[in-house]
$ cat work-v8.tsv   # TSV, C-alpha atoms and all ligand atoms
chain	number	residue	atom	x	y	z
A	1	MET	CA	-136.86	-80.98	150.68
A	2	SER	CA	-136.56	-78.94	153.89
A	3	SER	CA	-136.40	-75.22	153.66
A	4	GLY	CA	-132.74	-75.25	154.84
A	5	SER	CA	-131.42	-77.61	152.19
A	6	PRO	CA	-129.26	-76.28	149.42
A	7	VAL	CA	-131.08	-76.09	146.22
A	8	ALA	CA	-130.10	-78.78	143.73
A	9	GLY	CA	-127.55	-77.43	141.33
A	10	SER	CA	-126.61	-74.54	143.61
A	11	SER	CA	-123.94	-76.20	145.78
A	12	VAL	CA	-120.18	-76.46	145.18
A	13	TYR	CA	-117.49	-78.41	146.99
A	14	SER	CA	-115.62	-76.31	149.63
A	15	SER	CA	-111.88	-76.53	150.14
A	16	THR	CA	-112.62	-79.12	152.86
A	17	GLY	CA	-114.26	-81.31	150.32
A	18	GLN	CA	-117.63	-80.75	151.93
A	19	PRO	CA	-120.47	-79.37	150.00
A	20	SER	CA	-121.53	-75.94	151.05
A	21	ALA	CA	-124.59	-73.97	150.15
A	22	VAL	CA	-124.28	-71.09	147.79
A	23	THR	CA	-126.67	-68.29	148.26
A	24	ALA	CA	-127.76	-66.90	144.98
A	25	PRO	CA	-127.83	-63.11	144.84
A	26	SER	CA	-131.34	-61.74	145.13
A	27	PRO	CA	-132.72	-60.45	141.87
A	28	ALA	CA	-133.04	-56.72	141.68
A	29	PRO	CA	-136.58	-55.58	142.45
A	30	PRO	CA	-138.51	-54.57	139.37
A	31	SER	CA	-138.25	-50.92	138.60
A	32	THR	CA	-141.39	-48.95	139.21
A	33	ALA	CA	-140.16	-46.02	137.14
A	34	PRO	CA	-142.20	-45.53	133.94
A	35	ARG	CA	-140.34	-46.71	130.86
A	36	SER	CA	-139.60	-44.05	128.29
A	37	HIS	CA	-141.58	-44.80	125.15
A	38	SER	CA	-139.43	-42.74	122.89
A	39	SER	CA	-136.17	-44.59	123.42
A	40	GLY	CA	-134.69	-48.04	123.58
A	41	ASP	CA	-136.70	-51.03	122.38
A	42	PHE	CA	-139.82	-49.01	121.66
A	43	ALA	CA	-138.36	-46.30	119.50
A	44	GLY	CA	-140.55	-45.78	116.49
A	45	CYS	CA	-143.65	-47.47	117.92
A	46	PRO	CA	-146.81	-45.44	118.37
A	47	ALA	CA	-147.48	-44.39	121.93
A	48	PRO	CA	-149.89	-46.71	123.76
A	49	GLY	CA	-153.47	-45.93	122.95
A	50	THR	CA	-152.63	-43.91	119.87
A	51	HIS	CA	-152.72	-46.76	117.33
A	52	GLY	CA	-155.09	-45.97	114.48
A	53	ARG	CA	-155.60	-42.38	115.56
A	54	GLY	CA	-155.08	-41.26	111.96
A	55	GLY	CA	-158.82	-41.55	111.57
A	56	ARG	CA	-160.75	-41.79	108.37
A	57	GLY	CA	-158.32	-39.62	106.41
A	58	GLN	CA	-155.50	-42.03	107.12
A	59	ASP	CA	-157.72	-45.02	106.31
A	60	ASP	CA	-158.56	-43.43	102.98
A	61	ARG	CA	-154.89	-42.85	102.21
A	62	VAL	CA	-154.05	-46.48	103.01
A	63	GLU	CA	-157.00	-47.61	100.87
A	64	ARG	CA	-155.73	-45.52	97.97
A	65	GLN	CA	-152.24	-46.99	98.31
A	66	LEU	CA	-153.47	-50.59	98.35
A	67	THR	CA	-156.12	-50.45	95.64
A	68	SER	CA	-156.45	-49.33	92.04
A	69	ASP	CA	-159.43	-48.44	89.89
A	70	LEU	CA	-159.41	-50.35	86.62
A	71	THR	CA	-161.28	-50.24	83.37
A	72	LEU	CA	-160.94	-53.22	81.10
A	73	CYS	CA	-162.99	-55.29	78.71
A	74	VAL	CA	-164.00	-58.74	79.95
A	75	ASN	CA	-165.63	-61.09	77.45
A	76	GLY	CA	-166.65	-58.12	75.35
A	77	HIS	CA	-168.15	-56.15	78.24
A	78	PRO	CA	-166.60	-52.86	79.37
A	79	THR	CA	-165.90	-53.36	83.07
A	80	GLU	CA	-164.93	-50.94	85.83
A	81	LEU	CA	-163.87	-52.13	89.24
A	82	ARG	CA	-161.55	-51.46	92.14
A	83	VAL	CA	-158.96	-54.13	92.88
A	84	ASP	CA	-156.47	-54.70	95.63
A	85	ASN	CA	-153.06	-54.19	94.03
A	86	ARG	CA	-152.06	-57.69	95.17
A	87	THR	CA	-155.02	-59.41	93.47
A	88	THR	CA	-154.25	-61.75	90.61
A	89	LEU	CA	-156.22	-61.73	87.39
A	90	LEU	CA	-157.46	-65.20	88.36
A	91	ASP	CA	-158.88	-63.99	91.67
A	92	MET	CA	-160.36	-60.89	90.09
A	93	LEU	CA	-162.22	-63.03	87.54
A	94	ARG	CA	-163.43	-65.63	90.00
A	95	GLU	CA	-164.04	-63.60	93.15
A	96	GLN	CA	-164.97	-60.15	91.94
A	97	LEU	CA	-166.51	-60.75	88.52
A	98	SER	CA	-168.17	-64.10	89.33
A	99	LEU	CA	-166.61	-65.91	86.38
A	100	PRO	CA	-165.70	-69.28	87.90
A	101	GLY	CA	-165.02	-70.99	84.56
A	102	THR	CA	-161.34	-70.15	84.93
A	103	LYS	CA	-159.92	-72.75	87.30
A	104	ARG	CA	-157.27	-72.58	89.99
A	105	GLY	CA	-155.04	-75.64	89.86
A	106	CYS	CA	-151.53	-75.10	91.16
A	107	ASP	CA	-151.69	-71.29	91.61
A	108	HIS	CA	-148.00	-71.28	90.62
A	109	GLY	CA	-147.95	-71.16	86.82
A	110	GLN	CA	-147.34	-74.88	86.48
A	111	CYS	CA	-150.59	-76.46	85.29
A	112	GLY	CA	-152.34	-74.09	82.87
A	113	ALA	CA	-155.80	-74.62	84.42
A	114	CYS	CA	-156.13	-70.84	84.81
A	115	THR	CA	-155.34	-69.98	81.16
A	116	VAL	CA	-157.25	-67.01	79.70
A	117	LEU	CA	-156.65	-64.78	76.70
A	118	LEU	CA	-155.20	-61.36	77.51
A	119	ASP	CA	-155.30	-59.12	74.44
A	120	GLY	CA	-155.52	-62.34	72.42
A	121	ARG	CA	-152.48	-63.98	73.98
A	122	ARG	CA	-152.82	-66.90	76.35
A	123	VAL	CA	-151.58	-66.27	79.88
A	124	ASN	CA	-151.64	-68.05	83.21
A	125	SER	CA	-153.99	-65.76	85.07
A	126	CYS	CA	-152.63	-66.91	88.45
A	127	LEU	CA	-149.36	-65.18	87.56
A	128	VAL	CA	-150.80	-61.89	86.30
A	129	LEU	CA	-151.62	-59.04	88.65
A	130	ALA	CA	-155.04	-57.64	87.86
A	131	VAL	CA	-153.70	-54.11	88.20
A	132	THR	CA	-151.51	-54.67	85.13
A	133	CYS	CA	-154.58	-55.37	82.97
A	134	ARG	CA	-155.79	-51.77	82.76
A	135	ASP	CA	-157.53	-51.19	79.38
A	136	ALA	CA	-156.83	-54.77	78.31
A	137	ALA	CA	-159.24	-57.23	76.70
A	138	VAL	CA	-159.67	-60.44	78.69
A	139	THR	CA	-161.44	-63.49	77.29
A	140	THR	CA	-162.33	-66.39	79.56
A	141	VAL	CA	-163.97	-69.68	78.65
A	142	GLU	CA	-167.33	-68.02	79.38
A	143	GLY	CA	-166.63	-65.51	76.62
A	144	LEU	CA	-165.56	-67.88	73.86
A	145	SER	CA	-169.07	-68.78	72.79
A	146	SER	CA	-170.12	-65.14	72.58
A	147	ARG	CA	-166.96	-64.44	70.61
A	148	ALA	CA	-167.94	-67.19	68.21
A	149	SER	CA	-171.44	-65.79	68.18
A	150	ALA	CA	-170.20	-62.42	67.02
A	151	GLN	CA	-167.96	-63.99	64.44
A	152	LEU	CA	-170.64	-66.22	63.05
A	153	ALA	CA	-173.39	-63.61	63.43
A	154	ALA	CA	-175.72	-66.10	65.02
A	155	ALA	CA	-179.13	-64.50	65.11
A	156	GLN	CA	-181.13	-66.44	67.65
A	157	GLY	CA	-180.99	-68.97	70.41
A	158	PRO	CA	-178.15	-69.61	72.78
A	159	PRO	CA	-174.80	-68.60	71.37
A	160	PRO	CA	-173.10	-71.50	69.63
A	161	LEU	CA	-170.05	-73.00	71.20
A	162	HIS	CA	-166.68	-71.98	69.90
A	163	PRO	CA	-165.40	-74.48	67.29
A	164	VAL	CA	-162.74	-75.63	69.75
A	165	GLN	CA	-165.42	-76.30	72.36
A	166	GLU	CA	-167.48	-78.18	69.76
A	167	ALA	CA	-164.47	-80.29	68.87
A	168	PHE	CA	-163.75	-81.09	72.54
A	169	VAL	CA	-167.32	-82.33	72.88
A	170	ALA	CA	-167.20	-84.30	69.62
A	171	HIS	CA	-163.91	-85.98	70.54
A	172	ASP	CA	-164.80	-86.56	74.19
A	173	ALA	CA	-161.64	-84.63	75.03
A	174	LEU	CA	-162.23	-84.47	78.77
A	175	GLN	CA	-162.91	-86.61	81.77
A	176	CYS	CA	-163.36	-84.66	85.02
A	177	GLY	CA	-163.31	-81.41	83.05
A	178	PHE	CA	-161.26	-79.45	85.56
A	179	CYS	CA	-158.48	-78.64	83.11
A	180	THR	CA	-160.85	-78.14	80.17
A	181	PRO	CA	-161.48	-74.36	80.36
A	182	GLY	CA	-157.73	-73.79	80.39
A	183	GLN	CA	-157.16	-76.34	77.62
A	184	VAL	CA	-159.82	-74.71	75.45
A	185	CYS	CA	-158.60	-71.14	75.98
A	186	SER	CA	-155.04	-72.25	75.40
A	187	ALA	CA	-156.01	-74.07	72.21
A	188	VAL	CA	-157.84	-71.02	70.88
A	189	GLY	CA	-154.83	-68.80	71.55
A	190	MET	CA	-152.43	-71.40	70.18
A	191	LEU	CA	-154.38	-71.79	66.93
A	192	GLU	CA	-154.23	-68.03	66.41
A	193	GLU	CA	-150.51	-67.93	67.22
A	194	ALA	CA	-149.79	-70.72	64.75
A	195	ALA	CA	-151.89	-69.06	62.04
A	196	ALA	CA	-150.06	-65.76	62.56
A	197	GLU	CA	-146.70	-67.55	62.36
A	198	GLY	CA	-147.73	-69.61	59.33
A	199	VAL	CA	-147.01	-72.83	61.22
A	200	THR	CA	-148.71	-76.04	60.14
A	201	LEU	CA	-150.05	-77.87	63.16
A	202	ASP	CA	-149.58	-81.61	63.24
A	203	ALA	CA	-150.07	-83.75	66.33
A	204	SER	CA	-146.53	-83.35	67.56
A	205	GLU	CA	-146.55	-79.57	67.09
A	206	ILE	CA	-149.87	-79.39	68.94
A	207	ARG	CA	-148.47	-81.46	71.81
A	208	GLU	CA	-145.45	-79.17	72.04
A	209	ARG	CA	-147.46	-75.96	71.93
A	210	MET	CA	-150.02	-77.25	74.45
A	211	SER	CA	-147.41	-78.62	76.85
A	212	GLY	CA	-148.14	-75.92	79.43
A	213	ASN	CA	-151.63	-77.32	79.98
A	214	LEU	CA	-151.66	-80.44	82.13
A	215	CYS	CA	-154.51	-82.93	82.33
A	216	ARG	CA	-154.44	-85.10	85.41
A	217	CYS	CA	-157.03	-87.41	83.84
A	218	GLY	CA	-154.70	-88.05	80.92
A	219	ALA	CA	-157.18	-87.08	78.21
A	220	TYR	CA	-154.33	-85.91	75.97
A	221	VAL	CA	-155.03	-88.24	73.03
A	222	ASN	CA	-158.52	-86.86	72.53
A	223	ILE	CA	-157.49	-83.27	73.30
A	224	VAL	CA	-154.91	-83.41	70.53
A	225	ALA	CA	-157.42	-85.00	68.15
A	226	ALA	CA	-159.93	-82.22	68.87
A	227	ILE	CA	-157.40	-79.49	68.23
A	228	GLU	CA	-156.16	-81.20	65.08
A	229	GLU	CA	-159.70	-81.17	63.72
A	230	VAL	CA	-160.03	-77.41	64.28
A	231	ALA	CA	-156.55	-76.75	62.96
A	232	ALA	CA	-157.58	-78.42	59.70
A	233	GLN	CA	-160.43	-75.95	59.23
A	234	PRO	CA	-159.90	-72.72	57.26
A	235	VAL	CA	-158.86	-69.90	59.59
A	236	GLY	CA	-161.99	-67.87	58.80
A	237	ALA	CA	-164.27	-70.72	59.88
A	238	ARG	CA	-162.91	-70.89	63.45
B	301	LIG	S1	-153.43	-72.35	88.44
B	301	LIG	FE1	-152.34	-71.05	87.15
B	301	LIG	S2	-150.92	-72.32	86.15
B	301	LIG	FE2	-151.86	-73.63	87.61
B	302	LIG	S1	-160.10	-83.78	82.22
B	302	LIG	FE1	-159.62	-84.04	84.34
B	302	LIG	S2	-157.81	-82.88	84.58
B	302	LIG	FE2	-158.15	-82.87	82.47
$ encode --input "work-v8.tsv" --output "structure tokens"
Amino acid sequence: MSSGSPVAGSSVYSSTGQPSAVTAPSPAPPSTAPRSHSSGDFAGCPAPGTHGRGGRGQDDRVERQLTSDLTLCVNGHPTELRVDNRTTLLDMLREQLSLPGTKRGCDHGQCGACTVLLDGRRVNSCLVLAVTCRDAAVTTVEGLSSRASAQLAAAQGPPPLHPVQEAFVAHDALQCGFCTPGQVCSAVGMLEEAAAEGVTLDASEIRERMSGNLCRCGAYVNIVAAIEEVAAQPVGAR
């Protein structure tokens, strides 16, 4: 296209029916005046170069707002730590306390893989904020054998497995094992709930009460059999 040709899309038909060029108005030259930082689009923003000038004092204040110091009891051990207020109990256990037995499945409260006992009640740890567990007692699958050890006063050797863990082994109640820590913790909590309520556990009651714990390998038949075996034992022997 020659330099004199009308630009495509910029011509209209004149009254004579002939196309005529339309000269677009020149854009206004950019303003060289400095833009006020305290008005218009930038109101409320820090002045350029001042971001983060609060220094260490401000950093400390932000740190205090975002974190909390906690004391709680984990698997029988008094524990003190600082947590981000947004940290879940699951992440605190796995990432900060190096207890990877508790598994992350869905991270949305749907699968039960993350089940632990919080003050004796089973919870999905992916749905619990760690900061809400101040002064609580948390038991993970790593702590069940030591709990059994205390209960049975085992004197020597490695602590025995919890009776529910023993039953899972005896009944081959797992395949890949990913759901197993959650299944075991849930079963321990469920057995205590049922005992407190005076409920007799048959297979269908066990299935109902364990329905929040999914097993993608489909080991349900043996899981129920294992729990039935423990449920048949006297409460004091568990
Ligand atoms: S990981 Fe918590 S319920 Fe699935
Ligand atoms: S044993 Fe594999 S998910 Fe349950």
$ closest_residue --input "work-v8.tsv" --among "A:Val164, A:Leu118, A:Leu214, A:Cys179" --to "Arg104 (chain A)" --atoms "all atoms listed in the file"
A:Cys179
$ closest_atom_pairs --input "work-v8.tsv" --of "chain A" --to "ligand LIG 302 (chain B)" --cutoff "7 Å" --atoms "only C-alpha atoms and all ligand atoms" --output "CSV"
residue,atom,partner,partner_atom,distance
A:Leu174,CA,B:LIG302,S1,4.1
A:Gln175,CA,B:LIG302,S1,4.0
A:Cys176,CA,B:LIG302,FE1,3.9
A:Gly177,CA,B:LIG302,S1,4.1
A:Phe178,CA,B:LIG302,S2,5.0
A:Cys179,CA,B:LIG302,FE2,4.3
A:Thr180,CA,B:LIG302,FE2,5.9
A:Leu214,CA,B:LIG302,FE2,6.9
A:Cys215,CA,B:LIG302,FE2,3.6
A:Arg216,CA,B:LIG302,S2,4.1
A:Cys217,CA,B:LIG302,FE1,4.3
A:Gly218,CA,B:LIG302,FE2,6.4
A:Ala219,CA,B:LIG302,S1,6.0
$ atom_distance --input "work-v8.tsv" --atom1 "CA of Cys133 (chain A)" --atom2 "CA of Val116 (chain A)"
12.4 Å
$ closest_residue --input "work-v8.tsv" --among "A:Val199, A:Cys106, A:Cys185, A:Leu72" --to "ligand LIG 301 (chain B)" --atoms "all atoms listed in the file"
A:Cys106
$ residues_near_ligand --input "work-v8.tsv" --ligand "ligand LIG 301 (chain B)" --cutoff "8 Å" --atoms "all atoms listed in the file" --output "PyMOL selection string"
chain A and resi 90+103-115+124-127+213
$ closest_residue --input "work-v8.tsv" --among "A:Leu161, A:Ala194, A:Leu70, A:Ala167" --to "Asp135 (chain A)" --atoms "all atoms listed in the file"
A:Leu70
$ closest_residue --input "work-v8.tsv" --among "A:Asp69, A:Glu193, A:Glu208, A:Asp202" --to "Arg82 (chain A)" --atoms "all atoms listed in the file"
A:Asp69
$ atom_distance --input "work-v8.tsv" --atom1 "CA of Glu166 (chain A)" --atom2 "CA of Gly101 (chain A)"
16.6 Å
$ closest_residue --input "work-v8.tsv" --among "A:Glu205, A:Asp119, A:Glu228, A:Glu197" --to "Pro163 (chain A)" --atoms "all atoms listed in the file"
A:Glu228
$ atom_distance --input "work-v8.tsv" --atom1 "CA of Arg207 (chain A)" --atom2 "CA of Gly182 (chain A)"
14.8 Å
$ build_atoms --input "work-v8.tsv" --residues "region 115-141 of chain A" --atoms "N, CA and C atoms" --output "mmCIF file, in the coordinates of the input"
data_model
loop_
_atom_site.group_PDB
_atom_site.id
_atom_site.type_symbol
_atom_site.label_atom_id
_atom_site.label_comp_id
_atom_site.auth_asym_id
_atom_site.auth_seq_id
_atom_site.Cartn_x
_atom_site.Cartn_y
_atom_site.Cartn_z
ATOM 1 N N THR A 115 -155.665 -70.704 82.400
ATOM 2 C CA THR A 115 -155.340 -69.980 81.160
ATOM 3 C C THR A 115 -156.534 -69.153 80.664
ATOM 4 N N VAL A 116 -156.268 -67.885 80.361
ATOM 5 C CA VAL A 116 -157.250 -67.010 79.700
ATOM 6 C C VAL A 116 -156.504 -66.283 78.580
ATOM 7 N N LEU A 117 -157.259 -65.575 77.770
ATOM 8 C CA LEU A 117 -156.650 -64.780 76.700
ATOM 9 C C LEU A 117 -156.597 -63.327 77.153
ATOM 10 N N LEU A 118 -155.402 -62.756 77.123
ATOM 11 C CA LEU A 118 -155.200 -61.360 77.510
ATOM 12 C C LEU A 118 -154.722 -60.637 76.253
ATOM 13 N N ASP A 119 -155.583 -59.766 75.729
ATOM 14 C CA ASP A 119 -155.300 -59.120 74.440
ATOM 15 C C ASP A 119 -154.945 -60.177 73.383
ATOM 16 N N GLY A 120 -155.674 -61.291 73.431
ATOM 17 C CA GLY A 120 -155.520 -62.340 72.420
ATOM 18 C C GLY A 120 -154.413 -63.328 72.688
ATOM 19 N N ARG A 121 -153.580 -63.057 73.688
ATOM 20 C CA ARG A 121 -152.480 -63.980 73.980
ATOM 21 C C ARG A 121 -152.828 -64.790 75.221
ATOM 22 N N ARG A 122 -152.482 -66.065 75.201
ATOM 23 C CA ARG A 122 -152.820 -66.900 76.350
ATOM 24 C C ARG A 122 -151.848 -66.629 77.503
ATOM 25 N N VAL A 123 -152.395 -66.527 78.678
ATOM 26 C CA VAL A 123 -151.580 -66.270 79.880
ATOM 27 C C VAL A 123 -152.105 -67.142 81.018
ATOM 28 N N ASN A 124 -151.217 -67.414 81.960
ATOM 29 C CA ASN A 124 -151.640 -68.050 83.210
ATOM 30 C C ASN A 124 -152.138 -66.942 84.128
ATOM 31 N N SER A 125 -153.437 -66.900 84.325
ATOM 32 C CA SER A 125 -153.990 -65.760 85.070
ATOM 33 C C SER A 125 -153.588 -65.760 86.531
ATOM 34 N N CYS A 126 -153.095 -66.896 87.044
ATOM 35 C CA CYS A 126 -152.630 -66.910 88.450
ATOM 36 C C CYS A 126 -151.324 -66.161 88.601
ATOM 37 N N LEU A 127 -150.650 -65.866 87.493
ATOM 38 C CA LEU A 127 -149.360 -65.180 87.560
ATOM 39 C C LEU A 127 -149.452 -63.714 87.138
ATOM 40 N N VAL A 128 -150.639 -63.254 86.792
ATOM 41 C CA VAL A 128 -150.800 -61.890 86.300
ATOM 42 C C VAL A 128 -151.509 -61.053 87.356
ATOM 43 N N LEU A 129 -150.936 -59.922 87.713
ATOM 44 C CA LEU A 129 -151.620 -59.040 88.650
ATOM 45 C C LEU A 129 -152.734 -58.303 87.905
ATOM 46 N N ALA A 130 -153.893 -58.281 88.506
ATOM 47 C CA ALA A 130 -155.040 -57.640 87.860
ATOM 48 C C ALA A 130 -154.735 -56.182 87.523
ATOM 49 N N VAL A 131 -153.955 -55.529 88.390
ATOM 50 C CA VAL A 131 -153.700 -54.110 88.200
ATOM 51 C C VAL A 131 -152.920 -53.830 86.910
ATOM 52 N N THR A 132 -152.267 -54.848 86.376
ATOM 53 C CA THR A 132 -151.510 -54.670 85.130
ATOM 54 C C THR A 132 -152.404 -54.816 83.900
ATOM 55 N N CYS A 133 -153.679 -55.104 84.108
ATOM 56 C CA CYS A 133 -154.580 -55.370 82.970
ATOM 57 C C CYS A 133 -155.423 -54.146 82.614
ATOM 58 N N ARG A 134 -155.018 -52.991 83.059
ATOM 59 C CA ARG A 134 -155.790 -51.770 82.760
ATOM 60 C C ARG A 134 -155.941 -51.628 81.245
ATOM 61 N N ASP A 135 -157.182 -51.406 80.804
ATOM 62 C CA ASP A 135 -157.530 -51.190 79.380
ATOM 63 C C ASP A 135 -157.290 -52.417 78.499
ATOM 64 N N ALA A 136 -157.070 -53.553 79.101
ATOM 65 C CA ALA A 136 -156.830 -54.770 78.310
ATOM 66 C C ALA A 136 -158.150 -55.454 77.976
ATOM 67 N N ALA A 137 -158.087 -56.389 77.032
ATOM 68 C CA ALA A 137 -159.240 -57.230 76.700
ATOM 69 C C ALA A 137 -158.960 -58.635 77.219
ATOM 70 N N VAL A 138 -159.838 -59.107 78.092
ATOM 71 C CA VAL A 138 -159.670 -60.440 78.690
ATOM 72 C C VAL A 138 -160.797 -61.328 78.171
ATOM 73 N N THR A 139 -160.433 -62.520 77.709
ATOM 74 C CA THR A 139 -161.440 -63.490 77.290
ATOM 75 C C THR A 139 -161.262 -64.756 78.112
ATOM 76 N N THR A 140 -162.336 -65.151 78.788
ATOM 77 C CA THR A 140 -162.330 -66.390 79.560
ATOM 78 C C THR A 140 -163.150 -67.433 78.794
ATOM 79 N N VAL A 141 -163.209 -68.633 79.337
ATOM 80 C CA VAL A 141 -163.970 -69.680 78.650
ATOM 81 C C VAL A 141 -165.449 -69.276 78.517
#
